[in-house]
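upload_32.txt follows (compact mmCIF, C-alpha atoms):
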# COMPACT_ATOMS: atom_id res chain seq x y z
CA MET A 54 0.00 0.00 0.00
CA PRO A 55 2.76 2.59 0.75
CA ASP A 56 4.34 1.87 -2.65
CA LEU A 57 0.95 2.30 -4.36
CA VAL A 58 0.36 5.60 -2.57
CA GLY A 59 3.85 6.76 -3.51
CA ARG A 60 3.32 5.92 -7.19
CA VAL A 61 -0.02 7.72 -7.18
CA SER A 62 1.61 10.76 -5.58
CA ARG A 63 4.45 10.79 -8.12
CA ALA A 64 1.92 10.53 -10.93
CA GLY A 65 0.42 13.82 -9.75
CA ILE A 66 -3.06 12.45 -9.01
CA ARG A 67 -4.81 14.87 -6.68
CA CYS A 68 -8.49 15.30 -5.71
CA HIS A 69 -10.14 18.11 -3.80
CA PRO A 70 -11.33 16.95 -0.33
CA VAL A 71 -14.92 17.99 -1.08
CA THR A 72 -14.81 16.00 -4.34
CA VAL A 73 -13.62 12.91 -2.48
CA GLY A 74 -16.38 13.40 0.10
CA LEU A 75 -19.02 13.58 -2.64
CA LEU A 76 -17.69 10.42 -4.28
CA VAL A 77 -17.75 8.46 -1.00
CA SER A 78 -21.26 9.78 -0.26
CA LEU A 79 -22.46 7.97 -3.39
CA LEU A 80 -22.08 4.67 -1.54
CA PRO A 81 -25.20 5.01 0.67
CA VAL A 82 -27.18 6.38 -2.29
CA ILE A 83 -26.26 3.38 -4.42
CA LEU A 84 -27.12 1.00 -1.57
CA LEU A 85 -30.48 2.73 -1.16
CA VAL A 86 -31.28 2.31 -4.88
CA VAL A 87 -30.32 -1.37 -4.71
CA ASP A 88 -32.44 -1.74 -1.57
CA VAL A 89 -35.46 -0.33 -3.36
CA LEU A 90 -35.04 -2.53 -6.43
CA THR A 91 -34.48 -5.82 -4.60
CA PRO A 92 -37.14 -7.97 -2.91
CA PRO A 93 -38.06 -7.11 0.71
CA ALA A 94 -36.27 -10.23 1.95
CA ILE A 95 -32.94 -8.80 0.82
CA ARG A 96 -31.81 -5.68 2.68
CA PHE A 97 -28.61 -3.63 2.10
CA GLY A 98 -29.33 -0.71 4.41
CA SER A 99 -27.09 -2.04 7.17
CA LEU A 100 -24.05 -1.72 4.88
CA MET A 101 -24.43 2.05 4.81
CA VAL A 102 -22.57 2.29 8.09
CA ALA A 103 -19.37 1.64 6.10
CA ALA A 104 -19.61 5.02 4.35
CA PRO A 105 -18.46 7.20 7.32
CA ALA A 106 -15.67 4.72 8.07
CA LEU A 107 -14.36 4.93 4.49
CA ALA A 108 -14.66 8.70 4.58
CA ALA A 109 -12.31 8.82 7.58
CA VAL A 110 -9.59 7.22 5.46
CA PHE A 111 -9.85 9.43 2.38
CA CYS A 112 -11.63 12.65 3.42
CA THR A 113 -11.06 15.68 5.59
CA PRO A 114 -13.46 16.30 8.51
CA VAL A 115 -15.58 18.44 6.17
CA GLY A 116 -15.82 15.56 3.74
CA VAL A 117 -16.76 13.19 6.58
CA LEU A 118 -19.58 15.54 7.59
CA ILE A 119 -20.85 15.52 3.99
CA VAL A 120 -20.90 11.72 3.99
CA ILE A 121 -22.69 11.60 7.36
CA ALA A 122 -25.29 14.10 6.16
CA VAL A 123 -26.04 11.88 3.17
CA THR A 124 -25.88 8.57 5.06
CA LEU A 125 -28.41 9.32 7.81
CA PRO A 126 -31.36 10.15 5.46
CA CYS A 127 -30.49 7.14 3.32
CA VAL A 128 -30.60 4.88 6.38
CA TRP A 129 -33.98 6.24 7.40
CA MET A 130 -35.38 5.82 3.88
CA ALA A 131 -34.01 2.27 3.70
CA ASP A 132 -35.80 1.46 6.95
CA VAL A 133 -39.03 2.87 5.51
CA VAL A 134 -38.67 0.81 2.33
CA GLY A 135 -37.84 -2.30 4.28
CA GLN A 136 -40.65 -1.68 6.77
CA GLN A 137 -38.24 -1.77 9.68
CA LEU A 138 -39.63 1.23 11.57
CA GLY A 139 -42.14 -0.95 13.37
CA VAL A 140 -39.41 -3.11 14.88
CA SER A 141 -38.76 -1.66 18.32
CA TYR A 142 -35.14 -2.66 18.73
CA PHE A 143 -33.71 -2.61 15.19
CA VAL A 144 -33.86 1.08 14.23
CA PRO A 145 -32.50 2.52 17.52
CA VAL A 146 -29.56 0.12 17.47
CA GLN A 147 -28.82 0.92 13.83
CA ILE A 148 -29.01 4.68 14.40
CA ALA A 149 -26.81 4.43 17.50
CA THR A 150 -24.25 2.40 15.56
CA ILE A 151 -24.08 4.94 12.75
CA VAL A 152 -23.76 7.82 15.23
CA LEU A 153 -20.87 6.11 17.03
CA VAL A 154 -19.11 5.21 13.79
CA SER A 155 -19.60 8.75 12.49
CA ALA A 156 -18.10 10.28 15.63
CA ALA A 157 -15.11 7.94 15.43
CA ALA A 158 -14.72 8.76 11.73
CA LEU A 159 -14.64 12.49 12.46
CA ALA A 160 -12.00 12.02 15.17
CA ALA A 161 -9.89 9.73 12.97
CA SER A 162 -10.08 12.13 10.02
CA ALA A 163 -9.01 15.07 12.18
CA ALA A 164 -6.07 13.07 13.61
CA ARG A 165 -4.98 11.94 10.15
CA LEU A 166 -5.15 15.49 8.80
CA ARG A 167 -3.02 16.73 11.72
CA LYS A 168 -0.39 14.05 11.05
CA GLU A 169 -0.33 14.90 7.35
CA ARG A 170 0.32 18.54 8.15
CA GLN A 171 3.13 17.57 10.52
CA LEU A 172 4.65 15.36 7.82
CA ALA A 173 4.37 18.19 5.30
CA ARG A 174 6.23 20.51 7.67
CA SER A 175 8.89 17.86 8.25
CA ARG A 176 9.37 17.43 4.52
CA TRP A 177 9.64 21.18 4.11
CA VAL A 178 12.36 21.28 6.78
CA ALA A 179 14.16 18.39 5.05
CA GLU A 180 14.02 20.18 1.71
CA VAL A 181 15.42 23.36 3.26
CA THR A 182 18.17 21.31 4.93
CA GLN A 183 19.01 19.68 1.61
CA ARG A 184 19.28 23.05 -0.13
CA VAL A 185 21.54 24.35 2.66
CA LEU A 186 23.86 21.34 2.61
CA LEU A 187 23.70 20.33 -1.05
CA HIS A 188 23.83 23.57 -2.96
CA PRO A 189 22.23 23.05 -6.38
CA LEU A 190 24.91 22.65 -9.02
CA PRO A 191 24.75 25.28 -11.78
CA HIS A 192 24.16 24.18 -15.34
CA ARG A 193 27.55 25.62 -16.28
CA VAL A 194 30.76 25.29 -14.28
CA GLY A 195 33.51 27.16 -16.11
CA ARG A 196 33.40 25.80 -19.65
CA PHE A 197 31.57 22.60 -18.68
CA ASP A 198 27.92 21.56 -18.79
CA VAL A 199 26.85 20.03 -15.47
CA ALA A 200 23.78 18.15 -14.21
CA SER A 201 23.08 16.48 -10.86
CA LEU A 202 20.52 14.08 -9.44
CA TYR A 203 19.81 13.15 -5.82
CA LEU A 204 17.40 10.50 -4.51
CA ALA A 205 17.22 9.66 -0.81
CA ALA A 206 16.37 6.11 0.20
CA ASP A 207 14.23 7.65 2.94
CA GLU A 208 11.83 9.46 0.61
CA GLU A 209 10.06 11.13 3.53
CA ALA A 210 13.34 12.73 4.63
CA ALA A 211 14.40 13.95 1.14
CA ILE A 212 18.05 13.82 2.21
CA GLY A 213 20.47 11.03 3.01
CA GLY A 214 24.10 10.00 3.18
CA ASP A 215 25.17 10.80 -0.38
CA LEU A 216 26.71 14.18 -1.13
CA TYR A 217 28.01 16.35 -3.93
CA ALA A 218 29.42 19.86 -4.17
CA PHE A 219 31.34 22.12 -6.50
CA ALA A 220 33.54 25.14 -6.00
CA ARG A 221 35.40 27.37 -8.43
CA GLY A 222 39.05 28.18 -7.84
CA GLY A 223 41.18 30.14 -10.32
CA THR A 224 41.01 28.64 -13.82
CA SER A 225 39.63 25.30 -12.70
CA ALA A 226 36.57 23.87 -10.99
CA ARG A 227 36.50 21.30 -8.22
CA ILE A 228 33.67 18.77 -7.95
CA LEU A 229 33.15 16.39 -5.05
CA LEU A 230 30.86 13.37 -4.97
CA GLY A 231 30.78 11.06 -1.97
CA ASP A 232 28.89 8.47 0.03
CA ALA A 233 28.90 8.53 3.82
CA GLN A 234 28.72 5.37 5.87
CA GLY A 235 25.10 4.44 6.45
CA LYS A 236 22.12 5.99 4.69
CA GLY A 237 19.32 8.44 5.26
CA LEU A 238 19.37 10.90 8.15
CA ALA A 239 21.75 8.63 10.06
CA SER A 240 24.77 10.05 8.20
CA LEU A 241 23.77 13.71 8.11
CA GLU A 242 26.54 14.92 10.44
CA MET A 243 29.25 13.29 8.30
CA VAL A 244 27.79 14.84 5.15
CA SER A 245 27.78 18.29 6.72
CA CYS A 246 31.39 17.99 7.86
CA VAL A 247 32.73 16.91 4.45
CA LEU A 248 30.80 19.51 2.46
CA ASN A 249 31.78 22.46 4.65
CA THR A 250 35.44 21.47 4.69
CA PHE A 251 35.49 20.97 0.92
CA ARG A 252 34.11 24.43 0.15
CA GLN A 253 36.41 26.19 2.60
CA SER A 254 39.49 24.36 1.37
CA VAL A 255 38.84 25.18 -2.30
CA ARG A 256 38.30 28.85 -1.45
CA ARG A 257 41.72 28.89 0.20
CA GLY A 258 43.28 27.73 -3.08
CA ASN A 259 44.52 24.32 -1.87
CA THR A 260 45.69 21.74 -4.36
CA VAL A 261 43.82 18.46 -4.67
CA PRO A 262 46.23 16.52 -2.38
CA GLU A 263 46.07 19.33 0.18
CA LEU A 264 42.28 19.29 -0.12
CA VAL A 265 42.15 15.54 0.53
CA HIS A 266 44.42 15.81 3.57
CA GLU A 267 42.31 18.65 4.95
CA LEU A 268 39.11 16.65 4.42
CA GLU A 269 40.67 13.71 6.24
CA ALA A 270 41.85 15.77 9.20
CA ALA A 271 38.56 17.67 9.60
CA PHE A 272 36.50 14.51 9.26
CA ARG A 273 38.46 12.59 11.89
CA GLN A 274 38.31 15.57 14.26
CA ASP A 275 34.54 15.89 13.85
CA ILE A 276 34.06 12.17 14.46
CA GLN A 277 36.07 12.39 17.67
CA GLU A 278 34.05 15.40 18.86
CA LEU A 279 30.74 13.70 18.07
CA SER A 280 31.89 10.55 19.85
CA ALA A 281 32.85 12.61 22.90
CA ALA A 282 29.46 14.35 22.82
CA ALA A 283 27.71 10.99 22.65
CA ALA A 284 29.71 9.73 25.62
CA GLY A 285 28.69 12.83 27.57
CA GLY A 286 25.00 12.12 27.15
CA SER A 287 24.28 14.13 23.99
CA PRO A 288 23.94 11.48 21.25
CA PRO A 289 24.12 12.53 17.61
CA LEU A 290 21.38 11.80 15.10
CA ASN A 291 22.64 8.34 14.22
CA GLY A 292 23.69 7.11 17.66
CA PRO A 293 27.25 6.65 18.95
CA PHE A 294 30.01 7.23 16.39
CA GLU A 295 32.87 4.80 16.07
CA GLU A 296 36.44 5.40 15.02
CA GLU A 297 35.96 3.40 11.80
CA ALA A 298 33.33 5.77 10.38
CA PHE A 299 34.22 6.66 6.79
CA VAL A 300 33.14 8.46 3.63
CA THR A 301 34.03 7.29 0.13
CA ALA A 302 34.54 10.13 -2.33
CA VAL A 303 35.82 11.25 -5.72
CA VAL A 304 37.47 14.68 -5.94
CA LEU A 305 37.63 16.05 -9.47
CA ASP A 306 39.82 18.92 -10.73
CA LEU A 307 38.48 20.35 -14.00
CA PRO A 308 40.81 22.92 -15.60
CA ASP A 309 39.31 25.04 -18.35
CA THR A 310 41.77 23.49 -20.80
CA GLY A 311 43.67 20.24 -20.77
CA PRO A 312 43.09 16.89 -19.05
CA LEU A 313 41.21 16.46 -15.81
CA ARG A 314 42.70 15.18 -12.57
CA LEU A 315 40.90 13.12 -9.99
CA ALA A 316 41.50 11.47 -6.63
CA ASN A 317 39.43 8.37 -5.91
CA LEU A 318 39.05 7.62 -2.21
CA GLY A 319 37.53 4.15 -2.19
CA HIS A 320 34.60 5.21 -4.39
CA PRO A 321 33.06 3.48 -7.45
CA PRO A 322 35.14 4.53 -10.48
CA PRO A 323 33.75 7.30 -12.71
CA LEU A 324 32.69 6.50 -16.27
CA LEU A 325 33.92 8.47 -19.30
CA VAL A 326 31.34 8.44 -22.10
CA HIS A 327 32.44 9.50 -25.59
CA GLU A 328 31.61 8.53 -29.17
CA GLY A 329 29.71 5.38 -28.24
CA ASN A 330 32.37 4.15 -25.80
CA VAL A 331 32.18 3.87 -22.02
CA THR A 332 35.56 3.91 -20.26
CA VAL A 333 35.86 2.87 -16.62
CA LEU A 334 38.36 5.14 -14.85
CA ASP A 335 39.77 2.75 -12.30
CA PRO A 336 42.32 4.39 -9.95
CA THR A 337 45.99 3.67 -10.51
CA VAL A 338 46.62 3.33 -6.78
CA ALA A 339 43.93 2.26 -4.32
CA VAL A 340 43.30 4.97 -1.69
CA PRO A 341 41.21 4.33 1.45
CA PRO A 342 38.09 6.42 2.15
CA LEU A 343 38.02 9.52 4.34
CA GLY A 344 38.26 8.52 7.98
CA LEU A 345 40.85 5.83 7.25
CA GLY A 346 43.55 8.23 6.10
CA ASP A 347 46.13 6.88 8.53
CA LEU A 348 46.54 4.05 6.01
CA ILE A 349 47.85 6.51 3.40
CA ARG A 350 51.61 6.74 3.16
CA GLY A 351 52.95 9.92 1.52
CA GLU A 352 51.29 12.03 -1.15
CA VAL A 353 47.75 11.38 -2.35
CA PRO A 354 48.00 9.79 -5.83
CA LEU A 355 46.11 11.55 -8.63
CA ASP A 356 45.01 10.19 -12.00
CA THR A 357 45.30 12.42 -15.05
CA VAL A 358 42.73 11.62 -17.75
CA ASP A 359 42.26 13.08 -21.22
CA PHE A 360 38.86 14.78 -21.35
CA PRO A 361 38.23 15.52 -25.06
CA PRO A 362 35.55 17.88 -26.34
CA GLY A 363 32.12 16.26 -26.48
CA ALA A 364 32.94 13.70 -23.77
CA THR A 365 30.83 13.27 -20.62
CA LEU A 366 32.07 12.14 -17.23
CA LEU A 367 29.54 10.37 -15.00
CA LEU A 368 30.09 10.30 -11.23
CA TYR A 369 27.75 8.11 -9.19
CA THR A 370 27.36 6.38 -5.84
CA ASP A 371 26.91 2.70 -5.11
CA GLY A 372 23.18 3.24 -4.80
CA VAL A 373 23.23 3.07 -8.62
CA SER A 374 25.78 0.35 -9.32
CA GLU A 375 24.59 -1.92 -6.47
CA ALA A 376 20.85 -1.57 -7.09
CA ARG A 377 19.38 -5.03 -7.61
CA GLY A 378 16.60 -6.14 -9.87
CA PRO A 379 13.91 -8.66 -8.89
CA ASP A 380 16.30 -11.46 -9.88
CA GLY A 381 19.02 -10.16 -7.54
CA VAL A 382 21.37 -9.01 -10.34
CA PHE A 383 23.14 -5.65 -9.99
CA TYR A 384 22.12 -2.82 -12.30
CA PRO A 385 24.44 -2.99 -15.38
CA LEU A 386 25.28 0.71 -15.52
CA GLU A 387 28.19 0.41 -17.97
CA ASP A 388 26.18 -1.58 -20.50
CA ARG A 389 23.13 0.71 -20.26
CA LEU A 390 25.22 3.86 -20.80
CA THR A 391 26.14 2.78 -24.32
CA ARG A 392 22.53 3.63 -25.31
CA TRP A 393 22.81 7.27 -24.27
CA THR A 394 26.33 8.37 -25.14
CA ALA A 395 25.05 11.25 -27.29
CA LEU A 396 22.75 12.76 -24.64
CA ALA A 397 23.38 16.01 -22.80
CA PRO A 398 24.14 15.72 -19.04
CA ASP A 399 20.61 16.44 -17.82
CA ALA A 400 19.04 14.11 -20.38
CA LEU A 401 21.61 11.42 -19.55
CA LEU A 402 20.79 11.51 -15.83
CA ALA A 403 17.06 11.45 -16.57
CA ALA A 404 17.51 8.38 -18.77
CA VAL A 405 19.58 6.55 -16.14
CA HIS A 406 17.06 7.47 -13.43
CA ASP A 407 14.06 6.19 -15.37
CA ASP A 408 15.85 3.02 -16.41
CA LEU A 409 17.06 2.38 -12.85
CA ARG A 410 13.53 2.72 -11.45
CA GLU A 411 12.20 0.33 -14.07
CA TYR A 412 15.04 -2.16 -13.48
CA VAL A 413 14.60 -2.24 -9.70
CA GLY A 414 10.83 -2.48 -9.92
CA ALA A 415 10.34 -1.08 -6.39
CA ARG A 416 11.55 1.76 -4.24
CA LEU A 417 15.30 2.22 -3.94
CA THR A 418 16.91 0.77 -0.84
CA ASP A 419 19.96 3.07 -0.83
CA ASP A 420 20.66 6.74 -1.42
CA VAL A 421 21.46 7.67 -5.02
CA ALA A 422 23.54 10.61 -6.25
CA MET A 423 24.82 11.25 -9.77
CA VAL A 424 26.73 14.12 -11.38
CA ALA A 425 27.36 14.36 -15.13
CA VAL A 426 29.98 16.74 -16.52
CA ARG A 427 30.38 17.39 -20.23
CA ARG A 428 33.02 19.33 -22.12
CA PRO A 429 31.20 20.99 -25.04
CA PRO A 430 32.30 19.95 -28.53
CA SER A 431 34.95 22.16 -30.09
CA PRO A 432 34.75 23.62 -33.61
CA VAL A 433 35.67 21.19 -36.39
CA ARG A 434 39.36 21.28 -37.29
CA SER A 435 41.36 19.65 -40.03
CA SER A 436 42.74 16.21 -39.33
CA SER A 437 46.30 17.29 -40.11
CA ARG A 438 46.16 20.02 -37.47
CA ALA A 439 44.73 17.58 -34.91
CA GLU A 440 47.49 15.06 -35.65
CA GLY A 441 50.09 17.81 -35.28
CA LEU A 442 48.74 18.78 -31.88
CA ALA A 443 48.79 15.15 -30.80
CA ASP A 444 52.45 14.84 -31.87
CA VAL A 445 53.36 17.98 -29.91
CA ARG A 446 51.58 16.61 -26.83
CA ARG A 447 53.47 13.33 -27.02
CA THR A 448 56.76 15.18 -27.59
CA ASN A 449 56.26 17.49 -24.62
CA ARG A 450 55.46 14.59 -22.28
CA PRO A 451 58.22 12.01 -22.82
CA ASP A 452 58.18 10.94 -19.19
CA ARG A 453 54.63 9.62 -19.31
CA PRO A 454 54.69 5.82 -18.96
CA ALA A 455 53.37 4.22 -22.14
CA ARG A 456 52.23 1.14 -20.25
CA ARG A 457 49.51 3.17 -18.50
CA VAL A 458 47.81 4.33 -21.67
CA SER A 459 45.54 1.27 -21.74
CA ARG A 460 45.02 1.09 -17.98
CA PHE A 461 41.35 1.98 -18.04
CA ARG A 462 38.74 -0.58 -18.99
CA ARG A 463 36.57 0.33 -21.95
CA ARG A 464 33.13 -0.92 -22.82
CA ALA A 465 31.92 -0.47 -26.41
CA PRO A 466 28.54 -1.45 -27.87
CA SER A 467 29.99 -3.17 -30.95
CA ALA A 468 33.12 -3.53 -32.99
CA ALA A 469 31.79 -1.06 -35.53
CA THR A 470 31.58 1.72 -32.97
CA PRO A 471 34.41 4.26 -33.35
CA ARG A 472 37.02 4.24 -30.70
CA GLY A 473 36.66 6.72 -27.84
CA PRO A 474 39.17 9.12 -26.34
CA SER A 475 42.47 7.95 -25.07
CA ALA A 476 42.61 7.80 -21.31
CA ALA A 477 45.85 7.97 -19.44
CA ALA A 478 46.79 8.16 -15.80
CA SER A 479 49.83 9.21 -13.88
CA PRO A 480 50.47 9.83 -10.23
CA ALA A 481 51.34 13.42 -11.02
CA GLY A 482 50.02 16.10 -8.68
CA PRO A 483 47.96 19.09 -9.69

Could you write out this structure as structure tokens?
Amino acid sequence: MPDLVGRVSRAGIRCHPVTVGLLVSLLPVILLVVDVLTPPAIRFGSLMVAAPALAAVFCTPVGVLIVIAVTLPCVWMADVVGQQLGVSYFVPVQIATIVLVSAAALAASAARLRKERQLARSRWVAEVTQRVLLHPLPHRVGRFDVASLYLAADEEAAIGGDLYAFARGGTSARILLGDAQGKGLASLEMVSCVLNTFRQSVRRGNTVPELVHELEAAFRQDIQELSAAAAGGSPPLNGPFEEEAFVTAVVLDLPDTGPLRLANLGHPPPLLVHEGNVTVLDPTVAVPPLGLGDLIRGEVPLDTVDFPPGATLLLYTDGVSEARGPDGVFYPLEDRLTRWTALAPDALLAAVHDDLREYVGARLTDDVAMVAVRRPPSPVRSSSRAEGLADVRRTNRPDRPARRVSRFRRRAPSAATPRGPSAAASPAGP
């Protein structure tokens, strides 16, 4: 029933309370007509008592009063038709029953309406909280087209443990997408800590490795403070924190020109979509999530990836890749993306969202966040000029290991599909 109500709500089906009351009030009228048309031995008047009870479920108190006002005359007329008024005990008992049910229906309708208003206020607070924490990403970040999508597993809360943010610094943009331990409101404190630290660090002009170290230090400090507060009798939203709390994340550095750089902290690898190909950007060196930074030795490794014009980079959380269908199989995100390689970022996220809902066949069990970034296509140039630029790039970067050129895994729809952009990685810093 909750899933049915949710689907009806998403479909935009709405009825005015008075309209619903009038529809429910048709029940006693229909029963009265049937009572008149059937033989005297068959009576349906006693079923009219169900009308006020049904009204309590679907109607406001005003609608319940409309149903009661229609039901009482219908009951009296049914007794007249069935010649029940001469029975000393039947009519008083029937009237008393309807009065009691009507009073209970009014009280139940008023209580339900009060709870609905409280839930509406709670959802409004959650939406405001989401806008404060997760600032909406603009459609343009520097020279890039950007789109974002957020779905909380707790649909009533409208916010969960996934996070994303962007900040502009100099001639490049920084984008963060992460997934805090747990889901729903239980991980709200961790989300707030990571987002605030990210924005402040980018504004100070820190490099990506410096940003990661600052995120790690601030996160561990906040976890210790929250744990101390919980021990002192002031528990956080999600109960006592433990030292092994963590947040997986991808930090992306998007310069206006040239390749992108990213640091993957235990997060599902981004997908580079270009010319019918889907390339999985696996990290060169595995890095633990935020909160487990004491396992890192030395500098944070970065991957440098060619980001050609017209290509789209998809960042996502495990709520997408680990969503299961009715048969228990994970959602095949890489294979599905080959259908939509030519779509703009917002259209791409909409296609993935609709396909994911259809694949799962029920409500999502984990938070979902996706960010798509596209570098607009450049003007058409001659092939000779493009080859010359490629030769200059290879000449100016002789120290780049050739063995890493094919490090990333690529998924293509068919052999006839043109090859996508070259992807390369190096542990070079920003």

- request: Record the distance separating CA of Ala122 in chain A and CA of Leu85 in chain A, expressed in Å with one decimal.
  value: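 Taking CA of Ala122 in chain A and CA of Leu85 in chain A, their separation equals 14.5 Å.
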
task: Write out as a list in words the residues lying within 7 Å of range 187-197 of chain A, counting only C-alpha atoms and excluding same-chain residues fewer than 6 positions away.
output: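 Contacts, with the query itself left out: Leu216, Tyr217, Ala218, Phe219, Ala226, Asp309, Val426, Arg427, Arg428 and Pro429 of chain A.
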
task: Pick out the closest residue to Gly74 in chain A from this set: A:Ile148, A:Ala108, A:Ala103, A:Val255. Count only C-alpha atoms.
output: A:Ala108

query: For Thr124 in chain A, which residue out of A:Val77, A:Val87, A:Cys112, A:Val338 is the nearest one, using all atoms listed in the file?
result: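 The shortest atom-to-atom distance to Thr124 in chain A comes from A:Val77.
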
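Distance annotation: of A:Pro92, A:Pro321, A:Pro81, A:Pro312, the residue with the minimal separation from Val123 in chain A is A:Pro81; atom set is all atoms listed in the file.
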
task: Please indicate the distance in Å from CA of Ala160 in chain A to CA of Leu100 in chain A, rounded to one decimal place.
output: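 According to the coordinates, CA of Ala160 in chain A and CA of Leu100 in chain A are separated by 21.0 Å.
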
- prompt: Taking only C-alpha atoms into account, which of A:Val326, A:Val358, A:Val373, A:Val154 comes nearest Arg410 in chain A?
  reply: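 Using only C-alpha atoms, Arg410 in chain A sits closest to A:Val373.
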
query: Using all atoms listed in the file, which of A:Pro114, A:Gly372, A:Pro262, A:Gly346 sits nearest Arg165 in chain A?
result: A:Pro114

message: Just checking: using all atoms listed in the file, which residue out of A:Pro323, A:Pro105, A:Gly116, A:Pro398 ends up closest to Gly231 in chain A?
response: A:Pro323

Could you give me, as a Markdown table, every range 342-440 of chain A residue with an atom at most 10 Å from range 265-268 of chain A, plus its closest atom pair and distance in Å to one decimal, counting only C-alpha atoms, rows ordered by chain then number?
| residue | atom | partner | partner_atom | distance |
| --- | --- | --- | --- | --- |
| A:Leu343 | CA | A:Leu268 | CA | 7.2 |
| A:Gly344 | CA | A:Leu268 | CA | 8.9 |
| A:Gly346 | CA | A:His266 | CA | 8.0 |
| A:Ile349 | CA | A:His266 | CA | 9.9 |
| A:Glu352 | CA | A:His266 | CA | 9.2 |
| A:Val353 | CA | A:Val265 | CA | 7.5 |

Which residues are close to Leu76 in chain A, i.e. within 12 Å by only C-alpha atoms, leaving aside same-chain residues fewer than 2 positions away? Reply as an mmCIF file with C-alpha atoms, in the coordinates of the input.
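Contents of the output file result.cif:
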data_model
loop_
_atom_site.group_PDB
_atom_site.id
_atom_site.type_symbol
_atom_site.label_atom_id
_atom_site.label_comp_id
_atom_site.auth_asym_id
_atom_site.auth_seq_id
_atom_site.Cartn_x
_atom_site.Cartn_y
_atom_site.Cartn_z
ATOM 1 C CA CYS A 68 -8.490 15.300 -5.710
ATOM 2 C CA HIS A 69 -10.140 18.110 -3.800
ATOM 3 C CA PRO A 70 -11.330 16.950 -0.330
ATOM 4 C CA VAL A 71 -14.920 17.990 -1.080
ATOM 5 C CA THR A 72 -14.810 16.000 -4.340
ATOM 6 C CA VAL A 73 -13.620 12.910 -2.480
ATOM 7 C CA GLY A 74 -16.380 13.400 0.100
ATOM 8 C CA SER A 78 -21.260 9.780 -0.260
ATOM 9 C CA LEU A 79 -22.460 7.970 -3.390
ATOM 10 C CA LEU A 80 -22.080 4.670 -1.540
ATOM 11 C CA PRO A 81 -25.200 5.010 0.670
ATOM 12 C CA VAL A 82 -27.180 6.380 -2.290
ATOM 13 C CA ILE A 83 -26.260 3.380 -4.420
ATOM 14 C CA ALA A 104 -19.610 5.020 4.350
ATOM 15 C CA LEU A 107 -14.360 4.930 4.490
ATOM 16 C CA ALA A 108 -14.660 8.700 4.580
ATOM 17 C CA PHE A 111 -9.850 9.430 2.380
ATOM 18 C CA CYS A 112 -11.630 12.650 3.420
ATOM 19 C CA GLY A 116 -15.820 15.560 3.740
ATOM 20 C CA VAL A 117 -16.760 13.190 6.580
ATOM 21 C CA ILE A 119 -20.850 15.520 3.990
ATOM 22 C CA VAL A 120 -20.900 11.720 3.990
ATOM 23 C CA VAL A 123 -26.040 11.880 3.170
#

task: Measure the distance from CA of Val331 in chain A to CA of Val261 in chain A in Å and round it to one decimal.
output: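 Going from CA of Val331 in chain A over to CA of Val261 in chain A covers 25.5 Å.
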